[in-house]
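Everything below concerns the one structure shown next.
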Amino acid sequence: MANPEVPFLLEANTREKPSFVLSGEIGASTAVEMLNWLGHWGQECPEEQLTVFIDSIGGDLNPAITIAEAFRISPNRIRTIAMGRCYSAATVIAAAGDKGERYAYPKADFMIHQVRISGELQESVSELEETTKQFKRWHEIMLGLVSEFTGKPISQIRKDVVREKYMTADQARDYGLIDQIIPYKK
């Protein structure tokens, strides 16, 4: 595979540049911003390849799944480039790029794990049972996506996420989360 021509980052996340920088914690506002950006490029320049740079500790899985699904229905080719930390929900997004277009910088780190309940729970027992069902459902969705993106069986992914699984860029490539590591020019 040829090395990607890496777009200049200064003007990312605008409608003038086909590049988006996803950094910080992933939440609903991240998904809205990404969907607006994808929608613009999908309507205005569907033949343009889009690049998403990712440096994120992860966050809410629901917006990450929304973004991954949007990548899959976008008319644009989606290139993902992991840089720095690409943990949890961010790993799902990085792996959702088009096959052959999922890259990482040499020192990028990846991490996958089970879906977690965060925050303070203030629910009744019956509400907690329903919440648990929903988290199990989201966990199965996440396992299915990672399996699809990597080609690994769900049983293997399930075993690998029992504890946090950290990976170097080389290990993430071997695992199937990315396709290529961008080599240094100097």
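All residue names refer to the structure tokens as shown: chains lettered A, B, ... in order, residues numbered from 1 in each chain, ligands numbered from 1 in order.
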
Excluding A:Val161 and any residue of its chain fewer than 5 positions from it, enumerate the residues within 10 Å of it, using only C-alpha atoms, and give them as a list in words.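 Counting only C-alpha atoms, the residues come to Met111, Ile112, His113, Gln114, Val115, Leu143, Gln156 and Tyr166 of chain A.
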
Would you kindly return, as a list in words, each protein, DNA or RNA residue with an atom no farther than 8 Å from any atom of stretch 136-142 of chain A, considering only C-alpha atoms and excluding same-chain residues fewer than 3 positions away? Leu61, Asn62, Ile65, Val92, Gln114, Val115, Thr132, Lys133, Leu145 and Val146 of chain A

Selection export as a compact mmCIF listing (two decimals), in the first residue's frame, atoms kept: N, CA and C atoms:
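part24.txt, freshly written:
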```txt
# COMPACT_ATOMS: atom_id res chain seq x y z
N LEU A 61 -20.02 4.93 23.98
CA LEU A 61 -20.06 3.99 22.85
C LEU A 61 -21.17 4.31 21.86
N ASN A 62 -22.32 4.78 22.33
CA ASN A 62 -23.44 5.05 21.44
C ASN A 62 -23.06 6.04 20.33
N ILE A 65 -20.72 4.31 17.83
CA ILE A 65 -21.42 3.41 16.91
C ILE A 65 -22.15 4.21 15.84
N VAL A 92 -13.03 1.80 17.99
CA VAL A 92 -14.13 1.36 17.13
C VAL A 92 -14.23 2.29 15.92
N GLN A 114 -14.39 -4.21 27.62
CA GLN A 114 -15.84 -4.42 27.74
C GLN A 114 -16.55 -3.07 27.86
N VAL A 115 -17.82 -3.06 27.48
CA VAL A 115 -18.65 -1.88 27.70
C VAL A 115 -18.79 -1.68 29.21
N THR A 132 -29.08 -2.95 32.62
CA THR A 132 -28.13 -4.05 32.40
C THR A 132 -28.40 -4.73 31.06
N LYS A 133 -29.66 -4.95 30.73
CA LYS A 133 -30.01 -5.55 29.43
C LYS A 133 -29.51 -4.68 28.29
N LEU A 145 -19.23 -5.34 15.78
CA LEU A 145 -18.53 -4.38 14.92
C LEU A 145 -17.03 -4.66 14.89
N VAL A 146 -16.44 -4.86 16.06
CA VAL A 146 -14.99 -5.13 16.10
C VAL A 146 -14.69 -6.42 15.34
```

May I have a table of the residues of stretch 61-130 of chain A lying at most 8 Å from stretch 169-184 of chain A, giving each one's closest pair of atoms and their distance in Å to one decimal, counting only C-alpha atoms, ordered by chain and ascending residue number, as a Markdown table?
```
| residue | atom | partner | partner_atom | distance |
| --- | --- | --- | --- | --- |
| A:Thr91 | CA | A:Leu177 | CA | 7.6 |
| A:Ala94 | CA | A:Leu177 | CA | 7.3 |
| A:Ala95 | CA | A:Leu177 | CA | 4.9 |
| A:Lys99 | CA | A:Asp179 | CA | 7.2 |
| A:Gly100 | CA | A:Asp179 | CA | 5.6 |
| A:Glu101 | CA | A:Asp179 | CA | 6.8 |
| A:Arg102 | CA | A:Ile178 | CA | 4.7 |
| A:Tyr103 | CA | A:Gln180 | CA | 5.0 |
| A:Ala104 | CA | A:Ile181 | CA | 4.9 |
| A:Tyr105 | CA | A:Ile182 | CA | 5.4 |
| A:Pro106 | CA | A:Ile181 | CA | 5.9 |
| A:Lys107 | CA | A:Ala169 | CA | 6.5 |
| A:Ala108 | CA | A:Ala169 | CA | 5.5 |
| A:Asp109 | CA | A:Ala169 | CA | 6.0 |
| A:Phe110 | CA | A:Ala172 | CA | 6.8 |
```

Would you export the selected residues with N, CA and C atoms as a PDB file, in the first residue's frame, please?
```
ATOM      1  N   THR A  91     -11.234   3.488  19.272  1.00  0.00           N
ATOM      2  CA  THR A  91     -10.719   2.351  18.504  1.00  0.00           C
ATOM      3  C   THR A  91     -11.788   1.832  17.544  1.00  0.00           C
ATOM      4  N   ALA A  94     -11.787   4.231  14.645  1.00  0.00           N
ATOM      5  CA  ALA A  94     -10.600   4.052  13.794  1.00  0.00           C
ATOM      6  C   ALA A  94     -10.737   2.814  12.916  1.00  0.00           C
ATOM      7  N   ALA A  95     -11.249   1.742  13.493  1.00  0.00           N
ATOM      8  CA  ALA A  95     -11.394   0.485  12.748  1.00  0.00           C
ATOM      9  C   ALA A  95     -12.521   0.545  11.723  1.00  0.00           C
ATOM     10  N   LYS A  99     -11.632  -0.342   4.475  1.00  0.00           N
ATOM     11  CA  LYS A  99     -10.529  -1.313   4.430  1.00  0.00           C
ATOM     12  C   LYS A  99      -9.454  -0.785   3.489  1.00  0.00           C
ATOM     13  N   GLY A 100      -8.217  -0.910   3.931  1.00  0.00           N
ATOM     14  CA  GLY A 100      -7.082  -0.409   3.164  1.00  0.00           C
ATOM     15  C   GLY A 100      -6.779   1.050   3.441  1.00  0.00           C
ATOM     16  N   GLU A 101      -7.673   1.723   4.169  1.00  0.00           N
ATOM     17  CA  GLU A 101      -7.531   3.162   4.449  1.00  0.00           C
ATOM     18  C   GLU A 101      -7.487   3.452   5.950  1.00  0.00           C
ATOM     19  N   ARG A 102      -7.138   2.447   6.744  1.00  0.00           N
ATOM     20  CA  ARG A 102      -7.071   2.612   8.199  1.00  0.00           C
ATOM     21  C   ARG A 102      -5.601   2.630   8.595  1.00  0.00           C
ATOM     22  N   TYR A 103      -5.125   3.799   9.016  1.00  0.00           N
ATOM     23  CA  TYR A 103      -3.709   4.017   9.283  1.00  0.00           C
ATOM     24  C   TYR A 103      -3.479   4.385  10.746  1.00  0.00           C
ATOM     25  N   ALA A 104      -2.212   4.338  11.131  1.00  0.00           N
ATOM     26  CA  ALA A 104      -1.807   4.822  12.454  1.00  0.00           C
ATOM     27  C   ALA A 104      -0.404   5.388  12.363  1.00  0.00           C
ATOM     28  N   TYR A 105      -0.140   6.374  13.191  1.00  0.00           N
ATOM     29  CA  TYR A 105       1.227   6.853  13.363  1.00  0.00           C
ATOM     30  C   TYR A 105       1.980   5.770  14.133  1.00  0.00           C
ATOM     31  N   PRO A 106       3.297   5.697  13.977  1.00  0.00           N
ATOM     32  CA  PRO A 106       4.067   4.608  14.597  1.00  0.00           C
ATOM     33  C   PRO A 106       3.920   4.487  16.115  1.00  0.00           C
ATOM     34  N   LYS A 107       3.738   5.587  16.812  1.00  0.00           N
ATOM     35  CA  LYS A 107       3.661   5.542  18.275  1.00  0.00           C
ATOM     36  C   LYS A 107       2.231   5.559  18.806  1.00  0.00           C
ATOM     37  N   ALA A 108       1.259   5.388  17.947  1.00  0.00           N
ATOM     38  CA  ALA A 108      -0.141   5.370  18.396  1.00  0.00           C
ATOM     39  C   ALA A 108      -0.372   4.157  19.294  1.00  0.00           C
ATOM     40  N   ASP A 109      -1.239   4.325  20.268  1.00  0.00           N
ATOM     41  CA  ASP A 109      -1.645   3.250  21.176  1.00  0.00           C
ATOM     42  C   ASP A 109      -3.132   3.004  21.008  1.00  0.00           C
ATOM     43  N   PHE A 110      -3.523   1.748  21.162  1.00  0.00           N
ATOM     44  CA  PHE A 110      -4.921   1.342  21.038  1.00  0.00           C
ATOM     45  C   PHE A 110      -5.325   0.586  22.292  1.00  0.00           C
TER      46      PHE A 110
END
```

Could you tell me how far atom CA of A:Lys165 sits from atom CA of A:Leu35, in Å to one decimal place?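 One can read the atom CA of A:Leu35 to atom CA of A:Lys165 distance as 28.8 Å.
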
For the strand (DSSP E or B) assignment from backbone DSSP, which residues of stretch 24-160 of chain A qualify? Please present them as JSON, numbers by chain. {"A": [24, 25, 26, 50, 51, 52, 53, 54, 55, 56, 57, 58, 59, 78, 79, 80, 81, 82, 83, 84, 85, 86, 87, 102, 103, 104, 109, 110, 111, 112]}
